[in-house]
Amino acid sequence: MKVVLENLTKRFPNSNKKQPEVIAVNSFSFEIPDGKLIGLLGPSGCGKSTALNLICGLETPTEGKIYFGDTDVTDLPPELRGVGMVFQNYALYPHLTVRQNIMFPLENLKGDKKLTKQQMLEKAEEAARLVQIQDYMDRKPSELSGGQQQRVAIARAMVKIPNVLLLDEPLSNLDARLRLQTREEIRRIQRETKVTTIFVTHDQEEAMSISDLIVVMKSGVIQQIGKPQEVYDDPVNLFVAKFLGTPPINVFFGSVKAGKLYIGKEAVLDVAGVEDRDVYVGVRPEGFWLAEDGALTCNLHAVEVMGRDTSVVSDHEALDSITIRSIIPAEEQVDTSKSTVRFNLKPFKVELFDRETEERIYFEAIEPSRVAGRDMVSPDGKQ
Amino acid sequence: MTKNKSKAWLYLLPALIFLGIFMVYPLFDVIIYSFEEGYNSASQTFFGVGGYNFSYVLHDPYFLQAVKNTLILVVITVPVSTGIALLISLGLSSIKKLKELFQTVFFLPYVTNTLAVGLVFMILFKKTAYTEGMVNLLINFFGGNSVDFIDGPYWAKMFVLCFYTVWVVMPFKILILTSALASVNQDYYKVARVDATPRWRVFTKITLPMISPMLFYLIITGFIGAFKAYSDAVALFGTNLNTAGMNTIVGYVLDMLYGDSGGYPSYASAAALILFAIVLTITCINLLASRKNVRY
């Protein structure tokens, strides 16, 4: 079922009454297509959990509308919306077994929806098989690992076949290895059931890896909506650029003069179509290109060999962050005897942002011949 | 290792000495007394050893009356006070306005002196030359006949004693239960809401199991406390409880030791051991029941 949010706003009164109200969610408008997995992404306190609670119905919006399909559910309580919710701490009933936990929502059904005991057991079994927890049906939650508890919580949310599945920070209580495994699991369950799923996370890697669409939020305002790769490649502002990607984007103070981009005193790139101004220059870690006569000279700190590729840590006087982290292919050799390392920049991995508004400034990326290197060449040899 | 062990014992020594002198030794002494027939505390002599003291106590009508009173008190006050405390705590945890005020009001009896509370109950229930007592005035107002709650029929006296006990033990239970309710993770209720769980089911399937450890704690301590009731009866009916027919087991023990007919440490010891046996049995049953019902 598709979910449409229209100007959704939630204001909380400030606990200190003299202070203005807190706007947790500020006029959200977007449409979630049917059967997609959406990641609501943002730093802590940006209102993403509130947004999820609004969709769930646990909070009522101050303004705006929520539609499930074509039905206006804004004023419906959560139990009538047909949502399944998985909480960050799973909220499994500790005194009930896995089976009883999964059956709990079914036992609440009334009227003509009421199921027989046998039907309930079958449905619970089915939901358990979906999340592959069927071998632990008679255990108590405390006898399960974090990942297994997570599955039970998902099974409980899925057992009534909800219109929309909501997951609040589903992976944050798991260790790193389980997190990888569980996020694929969530992806699989979502694909199998085709239930529209919205999940909240502050971990950009998590959101990028499994979402069909990501919604990046900052202090209650949507910054950008799009496919993970699109948002990563084409952020609309500095916040989104900084938020996505590990290692994070490297940000320099730069300026544009006569169609050339300067970082410090060095002209590093041709940026046609940008008037002269001060800018932030964002360069993705993979946007660096090792070159003897590179335009950007950085002070070399360390070279970290990762096996698959090499991470070069350096700094620069015009750098906004603490260090530059650039990732280069493992075959490239960095001369560690020198105190400096020189890079050219890959134009498509460089993004300019306004110094004041931090909004993106677009430029025509032209491939300068001196930068053209092996991996910049397309398969047919043309550029 | 052995050095550490001796150190540990050294640290434990003060507590052990005190416990030994004031707990273990008297306990064994009580057991010994209870089997010494015709023990005279002045001359420290006794006739022989046997079960006569127990037999005497068990055939003493005052003791039987005390056991009956105590049992009625326990059976009525423990469930009633726990139940009402649970209702009040549920109410307290669901209101927002004036919550602190109500919490304070409900907690007041806990910090009030037993005898002061007894005085208040006198005003409520006692007939004097000047007034019938508050409760009787109310009963009269609704067209009923006055009842003498303090010197009148047995059921009236028992009602006052139970009422008083419930009122006195309630604050502590409310305190424990409100904090138990507050410590239940709100996410459980949110999940229940999303799953359209009816309110009654939320209460029986989520709230009750979640607070059940605290509930059982209150029931067990409530039983023990009620079995040890004494001062409440004194506050209401004065020290001559046997005459009033409102004695409790602990009251009987005290009477045997220090009362007008006192000076019989052997009988007192036997009665105390019988009380001990009763409380132990009930507590064991309680613990068994709680092991079945408190499941996490």
# chains A, B, ... in the order shown; residues from 1 in each chain; ligands from 1
$ interface_residues --of "chain B" --to "chain A" --cutoff "7 Å" --atoms "only C-alpha atoms" --output "ChimeraX atom specification"
/B:187-188,193-197,209,295-296
$ write_last_selection --atoms "C-alpha atoms" --output "short mmCIF file (atom, residue, chain, number, x, y, z; two decimals), in the first residue's frame"
data_model
loop_
_atom_site.label_atom_id
_atom_site.label_comp_id
_atom_site.auth_asym_id
_atom_site.auth_seq_id
_atom_site.Cartn_x
_atom_site.Cartn_y
_atom_site.Cartn_z
CA ASP B 187 7.01 0.42 24.52
CA TYR B 188 5.01 -2.62 25.67
CA ARG B 193 -1.94 -0.27 21.16
CA VAL B 194 -0.70 -0.91 17.65
CA ASP B 195 -1.98 -4.47 18.01
CA ALA B 196 -5.42 -3.23 19.11
CA THR B 197 -5.21 -4.93 22.49
CA PRO B 209 2.78 -10.09 34.72
CA ARG B 295 7.70 -16.29 35.23
CA TYR B 296 10.68 -14.21 34.41
#
$ select_by_dssp --residues "range 186-298 of chain A" --states "strand (DSSP E)" --output "VMD selection string"
chain A and resid 196 to 201 213 to 218 221 to 226 250 to 257 260 to 263 266 to 272 277 to 283 288 to 290 296 to 298
$ atom_distance --atom1 "CA of Met137 in chain A" --atom2 "CA of Met120 in chain A"
13.5 Å
$ residues_around --residues "Tyr280 in chain A" --least-positions-apart "3" --cutoff "12 Å" --atoms "only C-alpha atoms" --output "ChimeraX atom specification"
/A:237-239,241-242,249-256,261-264,277,283,318-321,350-361
$ write_last_selection --atoms "N, CA and C atoms" --output "CSV table (one decimal), in the first residue's frame"
chain,number,residue,atom,x,y,z
A,237,ASN,N,22.8,19.5,-0.7
A,237,ASN,CA,23.5,20.5,0.1
A,237,ASN,C,24.6,19.8,0.9
A,238,LEU,N,25.3,20.6,1.6
A,238,LEU,CA,26.5,20.2,2.3
A,238,LEU,C,26.2,19.1,3.4
A,239,PHE,N,25.0,19.3,4.1
A,239,PHE,CA,24.6,18.4,5.1
A,239,PHE,C,24.4,17.0,4.6
A,241,ALA,N,25.6,15.8,1.9
A,241,ALA,CA,26.9,15.3,1.4
A,241,ALA,C,27.8,14.8,2.5
A,242,LYS,N,27.8,15.5,3.6
A,242,LYS,CA,28.6,15.1,4.8
A,242,LYS,C,28.0,13.9,5.5
A,249,ILE,N,32.7,12.5,3.3
A,249,ILE,CA,33.3,13.4,2.3
A,249,ILE,C,34.3,14.3,2.9
A,250,ASN,N,35.3,14.7,2.2
A,250,ASN,CA,36.3,15.7,2.7
A,250,ASN,C,35.9,17.0,2.2
A,251,VAL,N,35.9,18.0,3.2
A,251,VAL,CA,35.4,19.3,2.8
A,251,VAL,C,36.5,20.3,3.0
A,252,PHE,N,36.7,21.1,1.9
A,252,PHE,CA,37.7,22.1,1.9
A,252,PHE,C,37.1,23.5,1.8
A,253,PHE,N,37.8,24.5,2.3
A,253,PHE,CA,37.4,25.9,1.9
A,253,PHE,C,38.0,26.2,0.6
A,254,GLY,N,37.2,26.6,-0.3
A,254,GLY,CA,37.7,26.9,-1.7
A,254,GLY,C,37.1,28.2,-2.2
A,255,SER,N,37.6,28.6,-3.4
A,255,SER,CA,36.9,29.7,-4.1
A,255,SER,C,37.0,29.5,-5.6
A,256,VAL,N,36.1,30.1,-6.3
A,256,VAL,CA,36.1,30.0,-7.7
A,256,VAL,C,36.5,31.4,-8.3
A,261,LEU,N,38.6,26.4,-10.0
A,261,LEU,CA,38.4,26.2,-8.5
A,261,LEU,C,39.7,26.2,-7.8
A,262,TYR,N,39.8,27.0,-6.8
A,262,TYR,CA,41.0,27.1,-6.0
A,262,TYR,C,40.8,26.5,-4.6
A,263,ILE,N,41.7,25.6,-4.2
A,263,ILE,CA,41.7,25.1,-2.8
A,263,ILE,C,43.0,25.6,-2.3
A,264,GLY,N,43.0,26.5,-1.3
A,264,GLY,CA,44.2,27.2,-0.9
A,264,GLY,C,44.6,28.1,-2.1
A,277,ARG,N,33.2,33.2,-6.5
A,277,ARG,CA,32.7,33.2,-5.2
A,277,ARG,C,33.4,32.3,-4.3
A,283,VAL,N,34.9,16.7,-1.5
A,283,VAL,CA,35.5,15.7,-2.4
A,283,VAL,C,35.4,14.3,-1.7
A,318,ALA,N,43.6,24.3,3.9
A,318,ALA,CA,42.3,24.8,3.7
A,318,ALA,C,41.2,23.8,4.0
A,319,LEU,N,41.6,22.8,4.8
A,319,LEU,CA,40.6,21.7,5.1
A,319,LEU,C,39.6,22.1,6.2
A,320,ASP,N,38.4,21.8,6.0
A,320,ASP,CA,37.4,22.1,7.0
A,320,ASP,C,37.3,21.0,8.1
A,321,SER,N,37.5,19.7,7.7
A,321,SER,CA,37.5,18.7,8.7
A,321,SER,C,39.0,18.5,9.2
A,350,VAL,N,33.6,15.7,-7.2
A,350,VAL,CA,33.8,17.0,-6.5
A,350,VAL,C,32.5,17.7,-6.5
A,351,GLU,N,32.1,18.2,-5.4
A,351,GLU,CA,30.8,18.9,-5.3
A,351,GLU,C,31.1,20.3,-4.6
A,352,LEU,N,30.5,21.3,-5.2
A,352,LEU,CA,30.6,22.7,-4.6
A,352,LEU,C,29.4,23.1,-3.9
A,353,PHE,N,29.6,23.8,-2.8
A,353,PHE,CA,28.5,24.3,-2.0
A,353,PHE,C,28.7,25.7,-1.6
A,354,ASP,N,27.6,26.4,-1.6
A,354,ASP,CA,27.6,27.8,-1.2
A,354,ASP,C,28.2,28.0,0.2
A,355,ARG,N,29.1,29.0,0.4
A,355,ARG,CA,29.7,29.2,1.7
A,355,ARG,C,28.6,29.6,2.7
A,356,GLU,N,27.6,30.3,2.3
A,356,GLU,CA,26.6,30.9,3.2
A,356,GLU,C,25.4,29.8,3.4
A,357,THR,N,24.8,29.5,2.3
A,357,THR,CA,23.6,28.7,2.5
A,357,THR,C,23.9,27.2,2.5
A,358,GLU,N,25.1,26.8,2.1
A,358,GLU,CA,25.5,25.4,2.1
A,358,GLU,C,24.7,24.6,1.0
A,359,GLU,N,24.0,25.4,0.1
A,359,GLU,CA,23.3,24.7,-1.0
A,359,GLU,C,24.3,24.3,-2.1
A,360,ARG,N,24.0,23.3,-2.8
A,360,ARG,CA,24.8,22.8,-3.9
A,360,ARG,C,25.0,23.8,-5.0
A,361,ILE,N,26.2,24.0,-5.5
A,361,ILE,CA,26.4,24.8,-6.7
A,361,ILE,C,26.8,23.8,-7.8
$ residues_around --residues "range 78-81 of chain B" --least-positions-apart "2" --cutoff "10 Å" --atoms "only C-alpha atoms" --output "PyMOL selection string"
chain B and resi 73-76+83-87+162-163+165-171+173-174+218-226
$ write_last_selection --atoms "N, CA and C atoms" --output "CSV table (one decimal), in the first residue's frame"
chain,number,residue,atom,x,y,z
B,73,LEU,N,-7.9,-11.5,60.4
B,73,LEU,CA,-7.2,-10.3,60.0
B,73,LEU,C,-6.4,-10.5,58.7
B,74,VAL,N,-5.6,-11.6,58.7
B,74,VAL,CA,-4.7,-11.9,57.6
B,74,VAL,C,-5.6,-12.1,56.3
B,75,VAL,N,-6.6,-13.0,56.4
B,75,VAL,CA,-7.3,-13.4,55.2
B,75,VAL,C,-8.1,-12.2,54.6
B,76,ILE,N,-8.5,-11.2,55.5
B,76,ILE,CA,-9.2,-10.1,54.9
B,76,ILE,C,-8.3,-9.0,54.5
B,83,GLY,N,-5.2,-5.3,46.8
B,83,GLY,CA,-6.1,-5.0,45.7
B,83,GLY,C,-6.4,-3.5,45.6
B,84,ILE,N,-6.8,-2.9,46.8
B,84,ILE,CA,-7.1,-1.4,46.7
B,84,ILE,C,-5.8,-0.7,46.4
B,85,ALA,N,-4.7,-1.1,46.9
B,85,ALA,CA,-3.4,-0.4,46.6
B,85,ALA,C,-3.1,-0.5,45.1
B,86,LEU,N,-3.4,-1.6,44.5
B,86,LEU,CA,-3.2,-1.8,43.1
B,86,LEU,C,-4.1,-0.8,42.3
B,87,LEU,N,-5.4,-0.8,42.7
B,87,LEU,CA,-6.3,0.1,42.0
B,87,LEU,C,-5.9,1.6,42.1
B,162,CYS,N,-9.8,-4.5,60.9
B,162,CYS,CA,-9.4,-4.7,59.5
B,162,CYS,C,-9.2,-3.4,58.8
B,163,PHE,N,-10.2,-2.5,59.0
B,163,PHE,CA,-10.2,-1.2,58.3
B,163,PHE,C,-8.9,-0.5,58.6
B,165,THR,N,-6.1,-1.7,59.8
B,165,THR,CA,-4.9,-2.4,59.3
B,165,THR,C,-4.7,-2.1,57.8
B,166,VAL,N,-5.8,-2.2,57.1
B,166,VAL,CA,-5.7,-1.9,55.6
B,166,VAL,C,-5.2,-0.5,55.4
B,167,TRP,N,-5.8,0.4,56.2
B,167,TRP,CA,-5.4,1.8,56.0
B,167,TRP,C,-4.0,2.1,56.3
B,168,VAL,N,-3.5,1.4,57.3
B,168,VAL,CA,-2.1,1.6,57.7
B,168,VAL,C,-1.1,1.0,56.8
B,169,VAL,N,-1.4,-0.2,56.2
B,169,VAL,CA,-0.4,-0.9,55.4
B,169,VAL,C,-0.5,-0.4,53.9
B,170,MET,N,-1.5,0.3,53.6
B,170,MET,CA,-1.7,0.7,52.2
B,170,MET,C,-0.6,1.6,51.6
B,171,PRO,N,-0.2,2.6,52.3
B,171,PRO,CA,0.8,3.6,51.7
B,171,PRO,C,2.0,2.9,51.2
B,173,LYS,N,2.4,-0.1,50.2
B,173,LYS,CA,2.0,-0.9,49.0
B,173,LYS,C,1.8,0.0,47.8
B,174,ILE,N,1.2,1.1,48.0
B,174,ILE,CA,1.0,2.1,46.9
B,174,ILE,C,2.3,2.6,46.4
B,218,LEU,N,4.8,-8.0,47.9
B,218,LEU,CA,3.9,-7.3,48.8
B,218,LEU,C,3.0,-8.3,49.5
B,219,ILE,N,2.6,-9.4,48.8
B,219,ILE,CA,1.7,-10.3,49.4
B,219,ILE,C,2.4,-11.1,50.5
B,220,ILE,N,3.6,-11.5,50.2
B,220,ILE,CA,4.4,-12.3,51.2
B,220,ILE,C,4.6,-11.4,52.4
B,221,THR,N,5.2,-10.2,52.2
B,221,THR,CA,5.4,-9.4,53.4
B,221,THR,C,4.1,-9.0,54.1
B,222,GLY,N,3.1,-8.8,53.3
B,222,GLY,CA,1.8,-8.5,53.9
B,222,GLY,C,1.3,-9.6,54.8
B,223,PHE,N,1.4,-10.9,54.4
B,223,PHE,CA,1.0,-12.0,55.2
B,223,PHE,C,1.8,-12.0,56.5
B,224,ILE,N,3.2,-11.9,56.4
B,224,ILE,CA,4.0,-11.9,57.6
B,224,ILE,C,3.6,-10.8,58.5
B,225,GLY,N,3.5,-9.6,57.9
B,225,GLY,CA,3.1,-8.4,58.8
B,225,GLY,C,1.8,-8.6,59.5
B,226,ALA,N,0.8,-9.1,58.8
B,226,ALA,CA,-0.5,-9.3,59.4
B,226,ALA,C,-0.5,-10.3,60.5
